[in-house]
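Visitor: What follows is model_7.csv; its format and atoms are CSV, C-alpha atoms.
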```csv
chain,number,residue,atom,x,y,z
A,1,MET,CA,59.8,85.8,135.1
A,2,ALA,CA,63.0,87.7,135.8
A,3,GLU,CA,64.3,86.9,132.3
A,4,GLN,CA,61.1,88.2,130.7
A,5,LEU,CA,61.4,91.4,132.7
A,6,LEU,CA,65.1,91.8,131.7
A,7,ASP,CA,64.1,91.3,128.1
A,8,LYS,CA,61.6,94.0,128.4
A,9,VAL,CA,64.1,96.4,129.9
A,10,ARG,CA,66.6,95.6,127.2
A,11,ASP,CA,64.0,96.3,124.5
A,12,VAL,CA,63.1,99.6,126.0
A,13,ALA,CA,66.7,100.6,126.4
A,14,GLU,CA,67.6,99.5,122.9
A,15,GLY,CA,64.6,101.2,121.4
A,16,GLN,CA,64.3,99.3,118.1
A,17,ILE,CA,62.3,100.8,115.3
A,18,ASP,CA,61.2,99.4,111.9
A,19,PHE,CA,62.9,100.1,108.5
A,20,GLU,CA,60.4,102.8,107.5
A,21,GLY,CA,60.8,104.4,110.9
A,22,GLN,CA,64.6,104.4,110.4
A,23,LYS,CA,64.2,106.2,107.1
A,24,LEU,CA,61.9,108.7,108.8
A,25,ALA,CA,64.1,109.2,111.8
A,26,GLU,CA,67.1,110.1,109.6
A,27,LEU,CA,65.1,112.5,107.5
A,28,LEU,CA,63.6,114.2,110.6
A,29,ALA,CA,67.0,114.5,112.2
A,30,ASN,CA,68.7,116.1,109.1
A,31,VAL,CA,65.8,118.4,108.3
A,32,ALA,CA,65.3,119.6,111.9
A,33,LEU,CA,68.9,120.2,112.6
A,34,THR,CA,69.4,122.1,109.3
A,35,LEU,CA,66.4,124.2,110.0
A,36,VAL,CA,67.6,124.9,113.6
A,37,GLY,CA,70.9,126.1,112.2
A,38,ILE,CA,69.3,128.4,109.6
A,39,ILE,CA,66.9,129.9,112.1
A,40,ALA,CA,69.6,130.4,114.8
A,41,PHE,CA,71.8,132.2,112.3
A,42,ALA,CA,69.0,134.3,110.8
A,43,VAL,CA,67.5,135.4,114.1
A,44,GLY,CA,71.0,136.0,115.6
A,45,TYR,CA,72.0,138.1,112.6
A,46,LEU,CA,68.8,140.1,112.4
A,47,LEU,CA,68.6,140.9,116.1
A,48,GLN,CA,72.4,141.1,116.4
A,49,ASP,CA,72.3,138.8,119.4
A,50,ILE,CA,74.8,136.0,119.5
A,51,LYS,CA,73.6,134.6,122.8
A,52,LEU,CA,70.1,134.2,121.4
A,53,ALA,CA,71.5,132.4,118.4
A,54,VAL,CA,73.4,130.0,120.7
A,55,TYR,CA,70.3,129.4,122.8
A,56,ILE,CA,68.1,128.7,119.7
A,57,ALA,CA,70.7,126.3,118.3
A,58,LEU,CA,71.0,124.4,121.6
A,59,GLY,CA,67.3,124.4,122.3
A,60,GLY,CA,66.4,123.3,118.8
A,61,THR,CA,69.0,120.5,119.0
A,62,ALA,CA,67.6,119.3,122.3
A,63,LEU,CA,64.2,119.2,120.8
A,64,THR,CA,65.5,117.3,117.8
A,65,PHE,CA,67.1,114.7,120.1
A,66,LEU,CA,63.8,114.3,121.9
A,67,ILE,CA,61.9,113.8,118.6
A,68,VAL,CA,64.4,111.4,117.0
A,69,THR,CA,66.0,109.3,119.8
A,70,PRO,CA,63.2,107.5,121.7
A,71,PRO,CA,61.3,104.7,119.8
A,72,TRP,CA,58.1,106.7,119.4
A,73,SER,CA,55.2,104.7,118.0
A,74,PHE,CA,55.2,106.6,114.7
A,75,PHE,CA,58.6,105.0,114.0
A,76,ASN,CA,57.0,101.5,114.4
A,77,ARG,CA,54.0,101.8,112.0
A,78,ASN,CA,55.4,99.3,109.4
A,79,PRO,CA,56.6,96.3,111.4
A,80,VAL,CA,58.4,93.7,109.4
A,81,LYS,CA,56.1,90.7,108.8
A,82,TRP,CA,58.3,87.7,109.7
A,83,LEU,CA,57.4,84.2,108.7
A,84,PRO,CA,55.8,82.3,111.6
A,85,VAL,CA,58.2,80.4,113.9
A,86,GLY,CA,58.9,77.0,112.4
A,87,GLY,CA,57.4,78.0,109.1
A,88,PRO,CA,54.2,76.9,107.4
A,89,PRO,CA,54.0,73.2,106.7
A,90,GLN,CA,56.0,72.4,103.6
A,91,PRO,CA,55.9,69.5,101.2
A,92,PRO,CA,58.8,67.2,102.1
A,93,ALA,CA,61.6,67.9,99.7
A,94,ASN,CA,63.4,64.9,98.3
A,95,ILE,CA,67.0,65.9,98.9
A,96,VAL,CA,69.6,63.4,97.9
A,97,VAL,CA,73.2,63.6,99.1
A,98,ASN,CA,75.7,61.0,98.2
A,99,GLU,CA,72.9,58.8,97.0
A,100,LYS,CA,71.4,58.8,100.5
A,101,SER,CA,68.0,60.3,100.9
A,102,LEU,CA,67.6,62.9,103.6
A,103,ARG,CA,64.3,63.0,105.3
B,1,MET,CA,69.1,104.3,112.9
B,2,TYR,CA,68.1,100.9,114.2
B,3,SER,CA,68.4,101.5,118.0
B,4,SER,CA,68.2,104.5,120.3
B,5,LEU,CA,72.0,104.6,120.7
B,6,VAL,CA,72.6,104.7,117.0
B,7,ARG,CA,70.1,107.5,116.5
B,8,LEU,CA,71.7,109.4,119.3
B,9,GLN,CA,75.1,109.1,117.7
B,10,ASN,CA,74.0,110.0,114.2
B,11,THR,CA,72.0,113.0,115.4
B,12,PHE,CA,74.9,114.2,117.4
B,13,GLY,CA,77.2,113.7,114.4
B,14,PHE,CA,75.1,115.9,112.2
B,15,PHE,CA,74.7,118.4,115.0
B,16,THR,CA,78.4,119.0,115.0
B,17,THR,CA,78.4,119.6,111.3
B,18,VAL,CA,75.5,122.1,111.6
B,19,ILE,CA,77.3,124.0,114.4
B,20,PHE,CA,80.5,124.2,112.4
B,21,VAL,CA,78.7,125.5,109.3
B,22,VAL,CA,76.7,128.1,111.4
B,23,ALA,CA,80.0,129.2,113.0
B,24,ALA,CA,81.6,129.6,109.6
B,25,PHE,CA,78.6,131.8,108.5
B,26,ILE,CA,78.9,133.9,111.6
B,27,ALA,CA,82.6,134.4,110.9
B,28,VAL,CA,81.9,135.4,107.4
B,29,SER,CA,79.1,137.8,108.5
B,30,ASP,CA,82.0,139.9,110.1
B,31,VAL,CA,83.7,140.4,106.7
B,32,VAL,CA,80.5,141.8,105.1
B,33,THR,CA,79.8,144.2,108.0
B,34,PRO,CA,81.4,147.6,107.3
B,35,ARG,CA,84.0,148.9,109.7
B,36,GLU,CA,84.7,152.6,109.8
B,37,PRO,CA,86.8,153.5,112.8
B,38,VAL,CA,87.6,157.2,113.0
B,39,VAL,CA,89.9,159.1,115.4
B,40,ALA,CA,88.8,162.7,116.0
B,41,THR,CA,91.7,163.7,118.2
B,42,LEU,CA,94.8,162.1,119.4
B,43,LYS,CA,97.3,164.5,121.0
B,44,THR,CA,99.7,164.8,123.8
B,45,ASN,CA,98.9,167.0,126.8
B,46,GLN,CA,102.0,166.9,128.9
B,47,VAL,CA,105.3,165.1,128.2
B,48,GLN,CA,108.1,164.7,130.6
B,49,VAL,CA,111.1,162.5,131.1
B,50,VAL,CA,112.2,161.4,134.5
B,51,ARG,CA,115.0,159.2,135.8
B,52,GLY,CA,114.1,156.0,137.6
B,53,ARG,CA,114.9,152.4,138.3
B,54,PRO,CA,113.3,149.5,136.4
B,55,HIS,CA,112.6,147.8,139.8
B,56,TYR,CA,113.3,148.6,143.5
B,57,TYR,CA,116.6,146.7,143.9
B,58,SER,CA,118.1,147.8,140.6
B,59,SER,CA,121.2,149.9,140.7
B,60,LYS,CA,120.7,150.9,137.1
B,61,LYS,CA,119.0,154.2,136.4
B,62,GLU,CA,117.0,154.7,133.3
B,63,GLU,CA,115.1,157.5,131.7
B,64,TYR,CA,111.3,157.1,131.5
B,65,ALA,CA,109.0,159.1,129.4
B,66,VAL,CA,105.6,160.0,130.9
B,67,ILE,CA,103.2,161.0,128.2
B,68,LYS,CA,99.8,162.3,129.1
B,69,PHE,CA,97.4,162.3,126.2
B,70,SER,CA,93.9,163.0,125.0
B,71,LEU,CA,91.9,160.7,122.7
B,72,ASP,CA,88.6,161.1,121.0
B,73,ALA,CA,87.7,158.2,118.8
B,74,ASP,CA,84.6,156.5,117.3
B,75,LEU,CA,85.1,152.7,117.2
B,76,SER,CA,81.4,151.9,117.4
B,77,SER,CA,81.3,150.2,114.0
B,78,LEU,CA,83.6,147.5,115.4
B,79,PHE,CA,80.8,146.3,117.7
B,80,THR,CA,78.7,143.6,115.9
B,81,TRP,CA,77.0,140.5,117.2
B,82,ASN,CA,80.2,138.6,116.8
B,83,THR,CA,82.4,141.0,118.7
B,84,LYS,CA,83.5,139.6,122.0
B,85,GLN,CA,85.7,142.4,123.1
B,86,VAL,CA,87.9,145.1,121.5
B,87,PHE,CA,91.4,145.8,122.8
B,88,VAL,CA,92.4,149.4,122.3
B,89,TYR,CA,96.0,150.6,122.8
B,90,VAL,CA,98.0,153.7,122.2
B,91,THR,CA,101.7,153.4,121.3
B,92,ALA,CA,104.5,155.9,121.1
B,93,GLU,CA,106.6,155.4,118.0
B,94,TRP,CA,109.8,157.0,116.9
B,95,PRO,CA,112.7,156.3,114.5
B,96,SER,CA,116.1,155.3,116.0
B,97,SER,CA,118.8,157.9,116.2
B,98,SER,CA,121.1,157.9,113.2
B,99,ALA,CA,124.0,156.6,115.3
B,100,ALA,CA,121.9,153.5,116.2
B,101,LYS,CA,121.0,153.0,112.6
B,102,ILE,CA,124.6,153.0,111.5
B,103,ALA,CA,125.3,150.4,114.2
B,104,GLY,CA,122.6,148.3,112.6
B,105,ASN,CA,120.2,148.4,115.4
B,106,VAL,CA,116.5,148.7,115.3
B,107,THR,CA,115.3,151.6,113.2
B,108,GLU,CA,111.8,151.8,114.6
B,109,ASN,CA,110.8,152.0,118.2
B,110,GLN,CA,107.3,151.2,119.4
B,111,ALA,CA,106.1,151.2,123.0
B,112,VAL,CA,102.6,150.9,124.4
B,113,ILE,CA,101.7,153.7,126.8
B,114,TRP,CA,98.1,152.9,127.5
B,115,ASP,CA,95.5,150.2,126.7
B,116,THR,CA,92.0,149.2,127.6
B,117,ILE,CA,89.6,146.3,127.0
B,118,ILE,CA,86.1,147.2,125.9
B,119,THR,CA,83.8,144.2,126.4
B,120,ALA,CA,80.6,143.7,124.4
B,121,PRO,CA,77.5,143.1,126.4
B,122,SER,CA,77.6,139.4,125.4
B,123,SER,CA,81.0,139.0,127.2
B,124,ASP,CA,80.4,141.3,130.2
B,125,HIS,CA,80.3,138.3,132.5
B,126,LEU,CA,83.9,137.5,131.5
B,127,ALA,CA,85.2,141.0,132.3
B,128,ASN,CA,88.0,141.0,134.9
B,129,LEU,CA,86.3,143.4,137.3
B,130,GLY,CA,85.3,143.7,140.9
B,131,PRO,CA,81.7,143.0,141.9
B,132,ALA,CA,80.6,146.6,142.0
B,133,ALA,CA,82.2,147.6,138.7
B,134,ARG,CA,80.8,144.4,137.1
B,135,LYS,CA,77.3,145.2,138.3
B,136,LYS,CA,77.6,148.7,136.9
B,137,LEU,CA,78.8,147.3,133.6
B,138,LEU,CA,76.0,144.8,133.4
B,139,LYS,CA,73.5,147.5,134.2
B,140,SER,CA,74.8,149.8,131.5
B,141,ALA,CA,73.9,147.2,128.9
B,142,ALA,CA,70.7,145.8,130.4
B,143,GLY,CA,68.4,144.5,127.6
B,144,LYS,CA,71.0,145.3,124.9
B,145,ALA,CA,72.6,142.5,122.8
B,146,ILE,CA,75.2,144.9,121.4
B,147,ASP,CA,76.3,148.3,122.6
B,148,PRO,CA,78.2,150.2,119.9
B,149,SER,CA,78.2,153.3,122.1
B,150,ARG,CA,80.9,151.7,124.1
B,151,GLY,CA,83.2,152.2,121.1
B,152,LYS,CA,83.0,156.0,121.5
B,153,LEU,CA,86.0,156.9,123.4
B,154,SER,CA,86.5,160.4,124.9
B,155,ILE,CA,89.5,160.6,127.1
B,156,LYS,CA,90.9,163.9,128.4
B,157,ASN,CA,94.4,164.3,129.8
B,158,GLN,CA,94.9,160.6,130.4
B,159,LYS,CA,97.9,159.6,132.5
B,160,PRO,CA,99.8,156.8,130.7
B,161,LYS,CA,99.5,153.3,132.2
B,162,TYR,CA,103.0,152.5,131.2
B,163,GLN,CA,106.1,154.8,131.5
B,164,ILE,CA,108.3,153.9,128.6
B,165,THR,CA,112.0,153.6,128.2
B,166,HIS,CA,114.5,152.3,125.7
B,167,PRO,CA,116.9,149.4,125.9
B,168,SER,CA,119.8,151.9,125.9
B,169,GLY,CA,118.2,153.5,129.0
B,170,LYS,CA,118.2,156.9,127.2
B,171,ILE,CA,115.0,158.4,125.9
B,172,ALA,CA,115.2,162.1,126.7
B,173,GLU,CA,115.4,164.6,123.9
B,174,THR,CA,114.1,162.2,121.3
B,175,ASP,CA,112.6,163.8,118.2
B,176,ASP,CA,109.8,162.8,115.8
B,177,VAL,CA,107.8,160.8,118.3
B,178,VAL,CA,104.2,160.1,117.4
B,179,LEU,CA,101.3,158.6,119.2
B,180,LYS,CA,99.3,155.9,117.3
B,181,LEU,CA,96.0,154.3,118.2
B,182,HIS,CA,95.7,150.6,117.6
B,183,TYR,CA,92.8,148.2,118.1
B,184,ASN,CA,92.3,144.5,118.1
B,185,VAL,CA,88.8,143.1,117.5
B,186,GLN,CA,88.3,139.7,119.2
B,187,PRO,CA,85.3,137.9,117.8
B,188,TRP,CA,83.3,135.0,119.3
B,189,VAL,CA,84.1,133.0,116.2
B,190,GLY,CA,86.4,133.8,113.4
B,191,MET,CA,89.7,135.6,112.9
B,192,LEU,CA,91.4,138.0,115.3
B,193,THR,CA,91.7,141.3,113.4
B,194,TRP,CA,93.8,144.4,113.9
B,195,ASN,CA,93.5,147.9,112.7
B,196,GLN,CA,94.5,148.3,109.1
B,197,ASP,CA,96.6,150.8,107.2
B,198,ILE,CA,94.7,150.1,104.0
B,199,ASP,CA,91.1,149.7,103.1
B,200,MET,CA,90.1,146.0,102.8
B,201,PHE,CA,86.7,145.4,101.1
B,202,ARG,CA,84.2,146.8,103.6
B,203,TRP,CA,86.7,147.4,106.3
B,204,LYS,CA,88.1,150.9,106.1
B,205,LYS,CA,91.5,151.8,107.5
B,206,LEU,CA,91.7,153.6,110.8
B,207,LYS,CA,91.3,157.3,109.9
B,208,ASN,CA,93.5,159.9,111.5
B,209,GLY,CA,95.0,157.4,114.0
B,210,MET,CA,98.2,159.2,114.4
B,211,SER,CA,99.1,162.3,116.5
B,212,LYS,CA,101.4,165.1,115.4
B,213,LYS,CA,105.1,164.6,115.8
B,214,PHE,CA,106.5,165.8,119.1
B,215,ALA,CA,109.8,165.7,120.9
B,216,LEU,CA,110.5,164.3,124.3
B,217,PRO,CA,112.0,167.0,126.5
B,218,ALA,CA,115.2,166.9,128.5
B,219,ILE,CA,115.2,165.2,131.9
B,220,LYS,CA,113.3,167.1,134.5
B,221,LYS,CA,115.8,168.2,137.1
B,222,LYS,CA,115.0,166.9,140.6
B,223,VAL,CA,114.4,169.6,143.0
B,224,GLU,CA,117.1,169.6,145.7
B,225,ALA,CA,114.7,170.3,148.5
B,226,LYS,CA,114.8,166.7,149.7
B,227,LYS,CA,118.4,167.0,150.8
B,228,THR,CA,117.6,169.6,153.5
B,229,THR,CA,115.2,167.2,155.3
B,230,ALA,CA,117.4,164.1,154.8
B,231,GLY,CA,119.8,165.1,157.5
B,232,THR,CA,117.2,165.2,160.2
B,233,GLY,CA,115.9,161.7,159.7
B,234,LYS,CA,117.8,158.6,160.4
```
Could you render the structure from this file as structure tokens?
Guide:
Amino acid sequence: MAEQLLDKVRDVAEGQIDFEGQKLAELLANVALTLVGIIAFAVGYLLQDIKLAVYIALGGTALTFLIVTPPWSFFNRNPVKWLPVGGPPQPPANIVVNEKSLR
Amino acid sequence: MYSSLVRLQNTFGFFTTVIFVVAAFIAVSDVVTPREPVVATLKTNQVQVVRGRPHYYSSKKEEYAVIKFSLDADLSSLFTWNTKQVFVYVTAEWPSSSAAKIAGNVTENQAVIWDTIITAPSSDHLANLGPAARKKLLKSAAGKAIDPSRGKLSIKNQKPKYQITHPSGKIAETDDVVLKLHYNVQPWVGMLTWNQDIDMFRWKKLKNGMSKKFALPAIKKKVEAKKTTAGTGK
């Protein structure tokens, strides 16, 4: 019971996502941060307000962290289909090592 | 991007890159913004030379020049979004006497007589002021991101902050002294820049930043009135 609970906690803390999700997360992070940088500079320059630019950059970055870091469900839409534990029943293979038959 | 920690690290890594690039763009935005500082007037009002000691316990007497001046200048084009503060200072400059030149000493003398820091509204909270003065400063820029009007200086008959002397201790009756205005733009990001003597791309040189030549007078003779009261005291 305790071990199960601990496993759950570990899973939440680790926040694994699937391969498609990883691709999406990387794309999201890069695009969002680049956009934030461009917007911060453009707004700051046009309004001649450097404090506003800093706030936009930091706020946008915080938002990006929020979108990218937690294992949201949209990062887990394509779970890897593992083979069942133990595998499907297979025809016994006739392996011969040193003239001794295994299995 | 497998676990939360890795995503956190990767995102932070790219964040530092973005910040660096944005900062570089901000620094470059300074270079393309025109600067046209102009001095309308820079002149002396009253010049005198007095004898004094460098500090209280010194037995050495030196000559000090006290130069009162007036300044009218428009430095408002120096105030952009990337300007943190502008340091403005006035120097007195004069060539060395021919005797000193022959001895191989310095040929140019330069001494600051007055300076001031003009903060931009974005750095008002950093100004080294008392609470009342700071409140007034913050109020003067309420709702403004930049305040170029602070670059318009109009100073009449200003007492110098610093009385100047010379290593030789002699400064009276010096000829060909000029006052010069200098400034120093301190940005939030980018290079520290000074006033220029030549035009550089969109930054124009400081126009008319030098006063007419003047001479420092002879030492002001102390009035001997003090001696009459000196005997009565202890």
Visitor: Residues at most 8 Å from region 136-138 of chain B, counting only C-alpha atoms, excluding those fewer than 5 positions away in the same chain, as a PyMOL selection string?
Guide: chain B and resi 121+124-125
Visitor: For Leu27 (chain A), find every residue with an atom within 12 Å (counting all atoms listed in the file), except residues of its own chain fewer than 5 positions away, and show them as a PDB file with C-alpha atoms, keeping the file's coordinate frame.
Guide:
```
ATOM      1  CA  GLU A  20      60.400 102.800 107.500  1.00  0.00           C
ATOM      2  CA  GLY A  21      60.800 104.400 110.900  1.00  0.00           C
ATOM      3  CA  GLN A  22      64.600 104.400 110.400  1.00  0.00           C
ATOM      4  CA  ALA A  32      65.300 119.600 111.900  1.00  0.00           C
ATOM      5  CA  LEU A  33      68.900 120.200 112.600  1.00  0.00           C
ATOM      6  CA  THR A  34      69.400 122.100 109.300  1.00  0.00           C
ATOM      7  CA  THR A  64      65.500 117.300 117.800  1.00  0.00           C
ATOM      8  CA  ILE A  67      61.900 113.800 118.600  1.00  0.00           C
ATOM      9  CA  VAL A  68      64.400 111.400 117.000  1.00  0.00           C
ATOM     10  CA  PHE A  75      58.600 105.000 114.000  1.00  0.00           C
TER      11      PHE A  75
ATOM     12  CA  MET B   1      69.100 104.300 112.900  1.00  0.00           C
ATOM     13  CA  ARG B   7      70.100 107.500 116.500  1.00  0.00           C
ATOM     14  CA  ASN B  10      74.000 110.000 114.200  1.00  0.00           C
ATOM     15  CA  THR B  11      72.000 113.000 115.400  1.00  0.00           C
ATOM     16  CA  PHE B  14      75.100 115.900 112.200  1.00  0.00           C
TER      17      PHE B  14
END
```
Visitor: With a distance cut-off of 7 Å and all atoms listed in the file, select the neighbouring residues of Ile146 (chain B), excluding the residue or stretch itself and same-chain residues fewer than 6 positions from it, and output the selection as a PyMOL selection string.
Guide: (chain A and resi 48) or (chain B and resi 79-81+120-121)
Visitor: Which is closer to Gln163 (chain B) than all the others in B:Val47, B:Val32, B:Ile67, B:Val22, using all atoms listed in the file?
Guide: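 When distances to Gln163 (chain B) are compared using all atoms listed in the file, the smallest one comes from B:Ile67.
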Visitor: So how many Å separate CA of Thr116 (chain B) and CA of Val189 (chain B), to one decimal?
Guide: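 Straight-line distance from CA of Thr116 (chain B) to CA of Val189 (chain B) works out to 21.3 Å.
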Visitor: What does the structure give for the distance between CA of Leu126 (chain B) and CA of Lys180 (chain B), in Å to one decimal?
Guide: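 Straight-line distance from CA of Leu126 (chain B) to CA of Lys180 (chain B) works out to 27.9 Å.
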Visitor: Taking only C-alpha atoms into account, produce a table as a tab-separated table in which each residue of chain A with an atom at most 9 Å from an atom of chain B appears once, together with its shortest atom pair and the distance in Å to one decimal, ordered by chain and rising number.
Guide:
```
residue	atom	partner	partner_atom	distance
A:Ala13	CA	B:Ser4	CA	7.4
A:Glu14	CA	B:Ser3	CA	5.4
A:Gly15	CA	B:Ser4	CA	5.0
A:Gln16	CA	B:Ser3	CA	4.7
A:Ile17	CA	B:Tyr2	CA	5.9
A:Asp18	CA	B:Tyr2	CA	7.4
A:Phe19	CA	B:Tyr2	CA	7.8
A:Gly21	CA	B:Met1	CA	8.5
A:Gln22	CA	B:Met1	CA	5.1
A:Lys23	CA	B:Met1	CA	7.8
A:Ala25	CA	B:Met1	CA	7.1
A:Glu26	CA	B:Met1	CA	7.0
A:Ala29	CA	B:Thr11	CA	6.1
A:Asn30	CA	B:Phe14	CA	7.1
A:Leu33	CA	B:Phe15	CA	6.5
A:Thr34	CA	B:Val18	CA	6.5
A:Val36	CA	B:Val18	CA	8.6
A:Gly37	CA	B:Val18	CA	6.1
A:Ile38	CA	B:Val22	CA	7.6
A:Ala40	CA	B:Val22	CA	8.2
A:Phe41	CA	B:Val22	CA	6.5
A:Gly44	CA	B:Trp81	CA	7.7
A:Tyr45	CA	B:Trp81	CA	7.2
A:Leu47	CA	B:Ala145	CA	8.0
A:Gln48	CA	B:Trp81	CA	4.7
A:Asp49	CA	B:Ala145	CA	5.0
A:Ile50	CA	B:Trp81	CA	5.5
A:Lys51	CA	B:Ser122	CA	6.8
A:Leu52	CA	B:Ala145	CA	8.8
A:Ala57	CA	B:Ile19	CA	8.0
A:Thr61	CA	B:Phe15	CA	7.3
A:Thr64	CA	B:Thr11	CA	8.2
A:Phe65	CA	B:Thr11	CA	7.0
A:Val68	CA	B:Arg7	CA	6.9
A:Thr69	CA	B:Ser4	CA	5.3
A:Pro70	CA	B:Ser4	CA	6.0
A:Pro71	CA	B:Ser4	CA	6.9
```
Visitor: Nearest to Pro187 (chain B) among B:Leu216, B:Leu78, B:Ala127, B:Met210, with distances taken over all atoms listed in the file: which residue is it?
Guide: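 For Pro187 (chain B), the nearest of the candidates is B:Leu78.
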Visitor: Can you pull out the residues contacting Asp115 (chain B)? Cut-off 8 Å, using only C-alpha atoms, and skip same-chain residues under 5 positions away; I want them as a VMD selection string.
Guide: chain B and resid 87 to 90 161
Visitor: Tell me, in Å to one decimal, how far CA of Ser140 (chain B) is from CA of Leu75 (chain B).
Guide: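 Separating CA of Ser140 (chain B) from CA of Leu75 (chain B) is a distance of 17.9 Å.
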Visitor: Name the residues, using the chain letters and numbers of the file, that sit within 9 Å of (113.5, 156.7, 134.0) when counting all atoms listed in the file, and give them as a JSON list (two decimals) with C-alpha atoms, in the coordinates of the input.
Guide:
```json
[["chain", "number", "residue", "atom", "x", "y", "z"],
["B", 49, "VAL", "CA", 111.10, 162.50, 131.10],
["B", 50, "VAL", "CA", 112.20, 161.40, 134.50],
["B", 51, "ARG", "CA", 115.00, 159.20, 135.80],
["B", 52, "GLY", "CA", 114.10, 156.00, 137.60],
["B", 53, "ARG", "CA", 114.90, 152.40, 138.30],
["B", 54, "PRO", "CA", 113.30, 149.50, 136.40],
["B", 61, "LYS", "CA", 119.00, 154.20, 136.40],
["B", 62, "GLU", "CA", 117.00, 154.70, 133.30],
["B", 63, "GLU", "CA", 115.10, 157.50, 131.70],
["B", 64, "TYR", "CA", 111.30, 157.10, 131.50],
["B", 65, "ALA", "CA", 109.00, 159.10, 129.40],
["B", 163, "GLN", "CA", 106.10, 154.80, 131.50],
["B", 164, "ILE", "CA", 108.30, 153.90, 128.60],
["B", 165, "THR", "CA", 112.00, 153.60, 128.20],
["B", 169, "GLY", "CA", 118.20, 153.50, 129.00],
["B", 170, "LYS", "CA", 118.20, 156.90, 127.20],
["B", 171, "ILE", "CA", 115.00, 158.40, 125.90],
["B", 219, "ILE", "CA", 115.20, 165.20, 131.90]]
```
Visitor: At most 10 Å from (113.9, 157.4, 114.1), file frame, only C-alpha atoms: which residues, as a PyMOL selection string?
Guide: chain B and resi 93-98+100-101+106-109+174-177
Visitor: Choose the residue, out of B:Asp147, B:Gln158, B:Glu173, B:Asn184, that has the smallest atom-to-atom separation from Ile117 (chain B); count only C-alpha atoms.
Guide: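 For Ile117 (chain B), the nearest of the candidates is B:Asn184.
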Visitor: With all atoms listed in the file as the atoms that count, which of B:Val86, B:Leu181, B:Ile198, B:Leu71 lies nearest to Thr119 (chain B)?
Guide: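 Counting all atoms listed in the file, the residue closest to Thr119 (chain B) is B:Val86.
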